[in-house]
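**Student:** This is the content of run.txt (compact mmCIF, C-alpha atoms and all ligand atoms):
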```
# COMPACT_ATOMS: atom_id res chain seq x y z
CA MET G 1 13.64 60.26 -4.71
CA LYS G 2 13.59 60.79 -8.46
CA PHE G 3 10.44 59.99 -10.46
CA PHE G 4 10.82 58.53 -13.94
CA VAL G 5 7.82 57.64 -16.09
CA ASP G 6 7.76 54.22 -17.72
CA THR G 7 6.19 54.84 -21.12
CA ALA G 8 6.91 55.70 -24.75
CA GLU G 9 3.63 57.63 -25.22
CA ILE G 10 4.66 61.16 -26.22
CA GLY G 11 1.36 62.76 -25.13
CA GLU G 12 1.65 61.26 -21.64
CA ILE G 13 5.26 62.40 -21.31
CA GLU G 14 4.42 65.97 -22.41
CA ASP G 15 1.55 66.12 -19.93
CA LEU G 16 3.57 64.79 -16.98
CA ALA G 17 6.65 66.88 -17.84
CA ALA G 18 4.47 70.00 -17.59
CA THR G 19 3.96 69.25 -13.87
CA GLY G 20 7.68 69.63 -13.20
CA LEU G 21 7.58 66.31 -11.31
CA LEU G 22 9.31 64.26 -13.98
CA ASP G 23 13.03 63.52 -13.57
CA GLY G 24 13.42 61.05 -16.44
CA VAL G 25 11.83 58.43 -18.69
CA THR G 26 12.29 54.69 -19.16
CA THR G 27 11.26 52.76 -22.25
CA ASN G 28 11.66 49.16 -23.37
CA PRO G 29 10.96 47.33 -26.65
CA SER G 30 7.46 46.35 -25.47
CA LEU G 31 6.59 49.97 -24.66
CA ILE G 32 7.92 51.11 -28.05
CA HIS G 33 5.75 48.45 -29.73
CA LYS G 34 2.72 49.59 -27.71
CA SER G 35 3.28 53.24 -28.70
CA GLY G 36 3.30 52.32 -32.39
CA GLY G 37 6.01 54.88 -33.14
CA ASP G 38 9.39 54.64 -34.84
CA PHE G 39 11.99 53.81 -32.16
CA ILE G 40 14.65 56.40 -33.01
CA GLU G 41 12.11 59.16 -33.70
CA THR G 42 10.26 58.43 -30.46
CA ILE G 43 13.41 58.46 -28.33
CA THR G 44 14.64 61.65 -30.03
CA ARG G 45 11.34 63.40 -29.25
CA ILE G 46 11.35 62.21 -25.61
CA CYS G 47 14.87 63.59 -25.17
CA GLU G 48 13.60 66.98 -26.40
CA ILE G 49 10.79 66.98 -23.83
CA VAL G 50 12.65 65.72 -20.76
CA ALA G 51 16.09 66.96 -19.68
CA GLY G 52 16.78 64.03 -17.32
CA PRO G 53 17.91 60.50 -18.26
CA VAL G 54 15.92 58.76 -21.01
CA SER G 55 16.46 55.00 -21.12
CA ALA G 56 16.57 53.42 -24.59
CA GLU G 57 17.15 49.67 -24.78
CA VAL G 58 19.48 47.75 -27.10
CA THR G 59 18.03 44.67 -28.80
CA ALA G 60 21.25 42.86 -29.75
CA THR G 61 22.22 39.99 -27.46
CA GLU G 62 25.96 39.78 -28.14
CA ALA G 63 28.28 42.27 -26.42
CA ASP G 64 29.96 43.81 -29.48
CA SER G 65 26.60 44.38 -31.20
CA MET G 66 25.11 45.79 -27.98
CA ILE G 67 27.99 48.25 -27.80
CA GLU G 68 27.42 49.32 -31.43
CA GLU G 69 23.70 49.79 -30.81
CA GLY G 70 24.47 51.58 -27.55
CA LYS G 71 26.77 54.05 -29.33
CA ARG G 72 24.05 54.71 -31.92
CA LEU G 73 21.48 55.38 -29.17
CA ALA G 74 23.88 57.49 -27.08
CA GLY G 75 24.43 59.67 -30.15
CA ILE G 76 20.77 60.75 -30.12
CA ALA G 77 21.16 63.11 -27.14
CA PRO G 78 23.42 63.61 -24.11
CA ASN G 79 20.65 62.51 -21.72
CA ILE G 80 20.33 58.99 -23.16
CA ALA G 81 20.88 56.12 -20.74
CA VAL G 82 21.56 52.99 -22.79
CA LYS G 83 19.57 50.08 -21.39
CA VAL G 84 21.20 46.65 -21.51
CA PRO G 85 19.84 43.36 -20.15
CA LEU G 86 21.45 41.70 -17.15
CA THR G 87 23.24 38.98 -19.07
CA TRP G 88 26.96 38.24 -19.22
CA ASP G 89 27.15 40.05 -22.58
CA GLY G 90 25.07 42.89 -21.18
CA LEU G 91 27.57 43.32 -18.34
CA LYS G 92 30.44 43.47 -20.83
CA ALA G 93 28.56 46.08 -22.86
CA CYS G 94 27.79 47.99 -19.67
CA LYS G 95 31.47 48.13 -18.76
CA ALA G 96 32.49 49.32 -22.23
CA LEU G 97 29.76 51.94 -22.59
CA SER G 98 30.05 53.32 -19.05
CA SER G 99 33.86 53.50 -19.37
CA ALA G 100 33.31 55.64 -22.48
CA GLY G 101 31.16 58.06 -20.46
CA THR G 102 27.69 56.83 -21.48
CA MET G 103 24.98 56.41 -18.85
CA VAL G 104 23.92 52.74 -18.66
CA ASN G 105 20.73 51.30 -17.16
CA VAL G 106 21.08 47.55 -16.52
CA THR G 107 17.60 46.07 -16.78
CA LEU G 108 15.79 42.80 -16.01
CA CYS G 109 17.46 42.45 -12.59
CA PHE G 110 15.89 39.84 -10.33
CA SER G 111 18.57 39.12 -7.71
CA ALA G 112 21.00 40.91 -5.39
CA ALA G 113 23.89 39.02 -7.00
CA GLN G 114 22.94 40.42 -10.40
CA ALA G 115 22.73 43.93 -8.93
CA LEU G 116 26.19 43.58 -7.41
CA LEU G 117 27.63 42.57 -10.78
CA ALA G 118 25.95 45.51 -12.55
CA ALA G 119 27.43 47.97 -10.07
CA LYS G 120 30.87 46.38 -10.51
CA ALA G 121 30.40 46.82 -14.29
CA GLY G 122 29.86 50.56 -13.82
CA ALA G 123 26.09 50.75 -14.28
CA THR G 124 24.59 54.20 -13.75
CA PHE G 125 21.26 52.56 -12.83
CA ILE G 126 20.20 49.07 -11.82
CA SER G 127 16.57 48.18 -12.59
CA PRO G 128 15.15 45.50 -10.28
CA PHE G 129 11.64 44.47 -11.41
CA VAL G 130 9.48 44.30 -8.28
CA GLY G 131 6.10 43.62 -9.93
CA ARG G 132 7.36 40.67 -11.94
CA LEU G 133 8.84 39.11 -8.77
CA ASP G 134 5.50 39.60 -6.98
CA ASP G 135 3.84 37.90 -9.97
CA ILE G 136 5.76 34.67 -9.31
CA GLY G 137 5.08 34.72 -5.56
CA GLN G 138 8.29 36.41 -4.39
CA ASP G 139 8.36 39.72 -2.52
CA GLY G 140 9.89 42.28 -4.87
CA MET G 141 10.48 44.74 -2.05
CA VAL G 142 12.83 42.30 -0.30
CA LEU G 143 15.11 42.57 -3.34
CA ILE G 144 15.08 46.38 -3.13
CA GLU G 145 16.04 46.20 0.55
CA GLU G 146 18.91 43.82 -0.25
CA ILE G 147 20.30 45.95 -3.07
CA VAL G 148 20.05 49.23 -1.11
CA THR G 149 21.83 47.56 1.83
CA ILE G 150 24.61 46.09 -0.30
CA TYR G 151 25.28 49.29 -2.24
CA SER G 152 25.25 51.39 0.95
CA ASN G 153 27.91 49.09 2.45
CA TYR G 154 30.35 50.23 -0.26
CA PRO G 155 29.56 53.91 -0.92
CA ASP G 156 33.02 54.66 -2.33
CA THR G 157 33.04 51.92 -4.96
CA LEU G 158 29.39 51.03 -5.73
CA GLN G 159 27.75 54.23 -6.93
CA THR G 160 25.00 52.73 -9.05
CA GLU G 161 21.55 54.20 -8.44
CA VAL G 162 18.73 51.82 -7.53
CA LEU G 163 15.94 52.40 -10.08
CA VAL G 164 12.89 50.45 -8.95
CA ALA G 165 11.07 49.12 -12.02
CA SER G 166 7.95 47.11 -12.77
CA ILE G 167 6.05 49.20 -10.22
CA ARG G 168 2.35 48.34 -10.29
CA ASP G 169 0.85 50.55 -7.56
CA PRO G 170 1.60 53.48 -5.22
CA ILE G 171 2.52 51.09 -2.38
CA HIS G 172 5.51 49.81 -4.37
CA LEU G 173 6.70 53.40 -4.75
CA ILE G 174 6.19 54.37 -1.09
CA GLU G 175 7.91 51.22 0.15
CA SER G 176 10.82 51.92 -2.24
CA ALA G 177 11.12 55.46 -0.88
CA LYS G 178 11.10 54.18 2.72
CA LEU G 179 13.98 51.85 1.82
CA GLY G 180 15.97 54.71 0.29
CA ALA G 181 15.85 53.67 -3.38
CA ASP G 182 17.16 56.46 -5.61
CA VAL G 183 14.61 56.33 -8.43
CA ALA G 184 11.17 54.87 -9.13
CA THR G 185 9.99 54.38 -12.70
CA VAL G 186 6.25 54.41 -12.76
CA PRO G 187 3.49 53.92 -15.36
CA PRO G 188 1.62 57.22 -15.98
CA GLY G 189 -1.56 55.94 -14.32
CA VAL G 190 0.26 55.02 -11.12
CA LEU G 191 2.02 58.40 -11.04
CA ARG G 192 -1.36 60.17 -11.22
CA LYS G 193 -2.78 57.88 -8.51
CA LEU G 194 -0.14 59.21 -6.09
CA ALA G 195 -2.04 62.51 -5.93
CA GLN G 196 -5.42 60.93 -5.24
CA HIS G 197 -7.14 60.47 -1.89
CA PRO G 198 -10.91 60.17 -1.30
CA LEU G 199 -10.70 62.42 1.79
CA THR G 200 -9.05 65.13 -0.34
CA ASP G 201 -11.98 64.96 -2.80
CA LYS G 202 -14.55 64.91 0.02
CA GLY G 203 -12.86 67.76 1.90
CA LEU G 204 -12.57 69.92 -1.22
CA ALA G 205 -16.25 69.38 -2.09
CA ALA G 206 -17.25 70.51 1.43
CA PHE G 207 -15.00 73.59 1.32
CA LEU G 208 -16.36 74.63 -2.08
CA ALA G 209 -19.98 74.11 -0.98
CA ASP G 210 -19.44 76.34 2.09
CA TRP G 211 -17.56 78.92 0.00
CA GLU G 212 -20.50 79.08 -2.43
CA LYS G 213 -22.79 79.92 0.52
CA THR G 214 -20.67 82.97 1.44
CA GLY G 215 -21.48 84.58 -1.92
CA GLN G 216 -17.92 85.92 -2.12
CA SER G 217 -15.25 85.70 -4.84
CA ILE G 218 -11.49 86.07 -4.54
CA ILE G 219 -10.98 87.88 -7.85
C1 LIG G 301 11.36 49.67 -16.74
O1 LIG G 301 12.46 50.03 -17.08
C2 LIG G 301 10.78 48.37 -17.11
O2 LIG G 301 10.91 48.16 -18.46
C3 LIG G 301 9.35 48.30 -16.68
O3 LIG G 301 9.20 48.92 -15.42
C4 LIG G 301 8.77 46.92 -16.71
O4 LIG G 301 7.49 46.93 -16.13
P1 LIG G 301 6.45 45.72 -16.31
O5 LIG G 301 6.95 44.55 -15.54
O6 LIG G 301 5.16 46.25 -15.75
O7 LIG G 301 6.39 45.44 -17.78
```
Please, can you express the file's structure as structure tokens?
Ligand code: E4P

**Tutor:**
Amino acid sequence: MKFFVDTAEIGEIEDLAATGLLDGVTTNPSLIHKSGGDFIETITRICEIVAGPVSAEVTATEADSMIEEGKRLAGIAPNIAVKVPLTWDGLKACKALSSAGTMVNVTLCFSAAQALLAAKAGATFISPFVGRLDDIGQDGMVLIEEIVTIYSNYPDTLQTEVLVASIRDPIHLIESAKLGADVATVPPGVLRKLAQHPLTDKGLAAFLADWEKTGQSII
């Protein structure tokens, strides 16, 4: 499973990239707003830090304008994945951009039918939002199961990667991995939580206390 980080904070991306665990980055207009940075400058810098796909979202809502914005974004670096919303115009833009060789991430997916259309339109990634479905009382993981099943029924024609988005906790990520999702995009805090376990902390404290009593040093 590939790990993307869902942020536009340059410091966070530099720190996580240094671990070697980061396969890509996703951003959206809200994350750009939160970062306070200039959109094009921020995306350009992220593409310098991370070699894998960096999602940058169009803000036009009409297909021709989305395609123009997508071309502008794709020109920033070869690892840009242009993010388009799952609307009828977004699907048209997806088809045009992916046919021209640009990676496309179709975002704001909330149903299996939408995911099927995105794959038919040549999406590189489909982004189902599990947390936002949970927020309205639906089980986001059921959608992941449906999409993984549908895509795996047609491996020769539906080659879109399932990029689980709107992940709120480590359980979302583990459940996505169990279902065989290709990618999880995770807020930095959730990514760090994956490494944490109270028994690890307790065990390490006990080992170090006993080591101290030996009076030895390794170096
Ligand atoms: C990723 O591409 C999405 O923009 C993101 O995961 C949305 O997460 P949220 O629902 O927590 O805002």

**Student:** Let me make sure I understand: among G:Cys109, G:Thr61, G:Phe4, G:Gly37, which one has the smallest atom-to-atom distance to Asp89 (chain G) if we use all atoms listed in the file?

**Tutor:**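 The answer is G:Thr61, which sits nearest to Asp89 (chain G).
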
**Student:** Quick one: everything within 10 Å of region 67-71 of chain G, counting only C-alpha atoms, minus sequence neighbours fewer than 5 positions away in the same chain. Send it as a compact mmCIF listing (two decimals) with C-alpha atoms, keeping the file's coordinate frame.

**Tutor:**
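Result saved to around.txt:
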```txt
# COMPACT_ATOMS: atom_id res chain seq x y z
CA ALA G 56 16.57 53.42 -24.59
CA GLU G 57 17.15 49.67 -24.78
CA VAL G 58 19.48 47.75 -27.10
CA THR G 59 18.03 44.67 -28.80
CA ALA G 60 21.25 42.86 -29.75
CA GLU G 62 25.96 39.78 -28.14
CA ILE G 76 20.77 60.75 -30.12
CA ILE G 80 20.33 58.99 -23.16
CA ALA G 81 20.88 56.12 -20.74
CA VAL G 82 21.56 52.99 -22.79
CA LYS G 83 19.57 50.08 -21.39
CA VAL G 84 21.20 46.65 -21.51
CA ASP G 89 27.15 40.05 -22.58
CA GLY G 90 25.07 42.89 -21.18
CA LYS G 92 30.44 43.47 -20.83
CA ALA G 93 28.56 46.08 -22.86
CA CYS G 94 27.79 47.99 -19.67
CA LYS G 95 31.47 48.13 -18.76
CA ALA G 96 32.49 49.32 -22.23
CA LEU G 97 29.76 51.94 -22.59
CA ALA G 100 33.31 55.64 -22.48
CA THR G 102 27.69 56.83 -21.48
CA MET G 103 24.98 56.41 -18.85
CA VAL G 104 23.92 52.74 -18.66
```

**Student:** For Leu91 (chain G), please output as number ranges by chain all residues within 10 Å (counting all atoms listed in the file; exclusion window: fewer than 6 positions along the same chain).

**Tutor:** G: 63, 84-85, 97, 106, 114, 117-123

**Student:** Residues within 12 Å of Val148 (chain G), please, as a list in words. Count only C-alpha atoms; anything in the same chain fewer than 5 positions from it doesn't count.

**Tutor:**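 Counting only the stated atoms, we get Ala112, Ala115, Leu116, Ala119, Ile126, Pro128, Met141, Val142, Leu143, Asn153, Tyr154, Pro155, Leu158, Gln159, Thr160, Glu161, Val162, Leu163, Val164, Ser176, Ala177, Lys178, Leu179, Gly180, Ala181, Asp182 and Val183 of chain G.
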
**Student:** Could you please extract the residues within 6 Å of ligand LIG 301 (chain G), counting only C-alpha atoms and all ligand atoms, and hand them back as a VMD selection string?

**Tutor:** chain G and resid 6 26 to 28 131 to 132 165 to 166

**Student:** Rounded to one decimal, what separation in Å do you get between CA of Glu175 (chain G) and CA of Val50 (chain G)?

**Tutor:**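 These two atoms are separated by 25.9 Å.
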
**Student:** Which residues of region 18-74 of chain G come within 12 Å of region 190-198 of chain G, and for each one, what is the closest pair of atoms and their distance in Å to one decimal, counting all atoms listed in the file, sorted by chain and residue number, as a Markdown table?

**Tutor:**
```
| residue | atom | partner | partner_atom | distance |
| --- | --- | --- | --- | --- |
| G:Thr19 | CA | G:Arg192 | CA | 10.9 |
| G:Leu21 | CA | G:Leu191 | CA | 9.7 |
| G:Leu22 | CA | G:Leu191 | CA | 9.8 |
```

**Student:** Go ahead and write the selection's residues with C-alpha atoms as a tab-separated table (two decimals), in the frame of the given file.

**Tutor:**
```tsv
chain	number	residue	atom	x	y	z
G	19	THR	CA	3.96	69.25	-13.87
G	21	LEU	CA	7.58	66.31	-11.31
G	22	LEU	CA	9.31	64.26	-13.98
```

**Student:** (9.7, 62.1, -31.6) in this file's frame - what residues fall within 12 Å of it? Use all atoms listed in the file and give the answer as a count of residues only.

**Tutor:** 24

**Student:** Just so I have it separately, write region 175-189 of chain G from the block I sent, keeping N, CA, C and O atoms, as a compact mmCIF listing (two decimals), in the first residue's frame.

**Tutor:**
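Saved the output as out.txt:
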```
# COMPACT_ATOMS: atom_id res chain seq x y z
N GLU G 175 -8.09 -0.82 7.82
CA GLU G 175 -9.22 -1.45 7.14
C GLU G 175 -9.07 -1.32 5.62
O GLU G 175 -9.37 -2.25 4.87
N SER G 176 -8.57 -0.17 5.15
CA SER G 176 -8.35 0.03 3.71
C SER G 176 -7.30 -0.94 3.19
O SER G 176 -7.45 -1.51 2.10
N ALA G 177 -6.25 -1.14 3.98
CA ALA G 177 -5.19 -2.08 3.57
C ALA G 177 -5.73 -3.50 3.52
O ALA G 177 -5.40 -4.27 2.60
N LYS G 178 -6.57 -3.86 4.50
CA LYS G 178 -7.14 -5.22 4.50
C LYS G 178 -8.01 -5.46 3.28
O LYS G 178 -8.13 -6.57 2.77
N LEU G 179 -8.64 -4.38 2.79
CA LEU G 179 -9.51 -4.51 1.61
C LEU G 179 -8.72 -4.45 0.30
O LEU G 179 -9.29 -4.65 -0.78
N GLY G 180 -7.44 -4.13 0.39
CA GLY G 180 -6.61 -4.10 -0.82
C GLY G 180 -6.61 -2.78 -1.56
O GLY G 180 -6.26 -2.73 -2.74
N ALA G 181 -6.97 -1.67 -0.88
CA ALA G 181 -6.90 -0.35 -1.52
C ALA G 181 -5.44 -0.06 -1.87
O ALA G 181 -4.52 -0.48 -1.16
N ASP G 182 -5.23 0.66 -2.96
CA ASP G 182 -3.87 0.89 -3.45
C ASP G 182 -3.11 1.95 -2.64
O ASP G 182 -1.90 1.84 -2.44
N VAL G 183 -3.84 3.00 -2.25
CA VAL G 183 -3.20 4.17 -1.63
C VAL G 183 -4.08 4.66 -0.48
O VAL G 183 -5.30 4.57 -0.56
N ALA G 184 -3.42 5.17 0.56
CA ALA G 184 -4.16 5.90 1.61
C ALA G 184 -3.54 7.28 1.71
O ALA G 184 -2.31 7.40 1.78
N THR G 185 -4.37 8.32 1.68
CA THR G 185 -3.83 9.66 1.94
C THR G 185 -4.25 10.07 3.34
O THR G 185 -5.42 9.98 3.70
N VAL G 186 -3.26 10.45 4.12
CA VAL G 186 -3.44 10.53 5.56
C VAL G 186 -2.93 11.88 6.09
O VAL G 186 -1.85 12.32 5.71
N PRO G 187 -3.67 12.52 7.00
CA PRO G 187 -3.14 13.72 7.64
C PRO G 187 -1.85 13.37 8.40
O PRO G 187 -1.73 12.24 8.91
N PRO G 188 -0.90 14.33 8.51
CA PRO G 188 0.38 14.03 9.16
C PRO G 188 0.22 13.41 10.55
O PRO G 188 0.94 12.45 10.89
N GLY G 189 -0.72 13.92 11.33
CA GLY G 189 -0.89 13.41 12.70
C GLY G 189 -1.30 11.95 12.72
O GLY G 189 -0.86 11.17 13.58
```
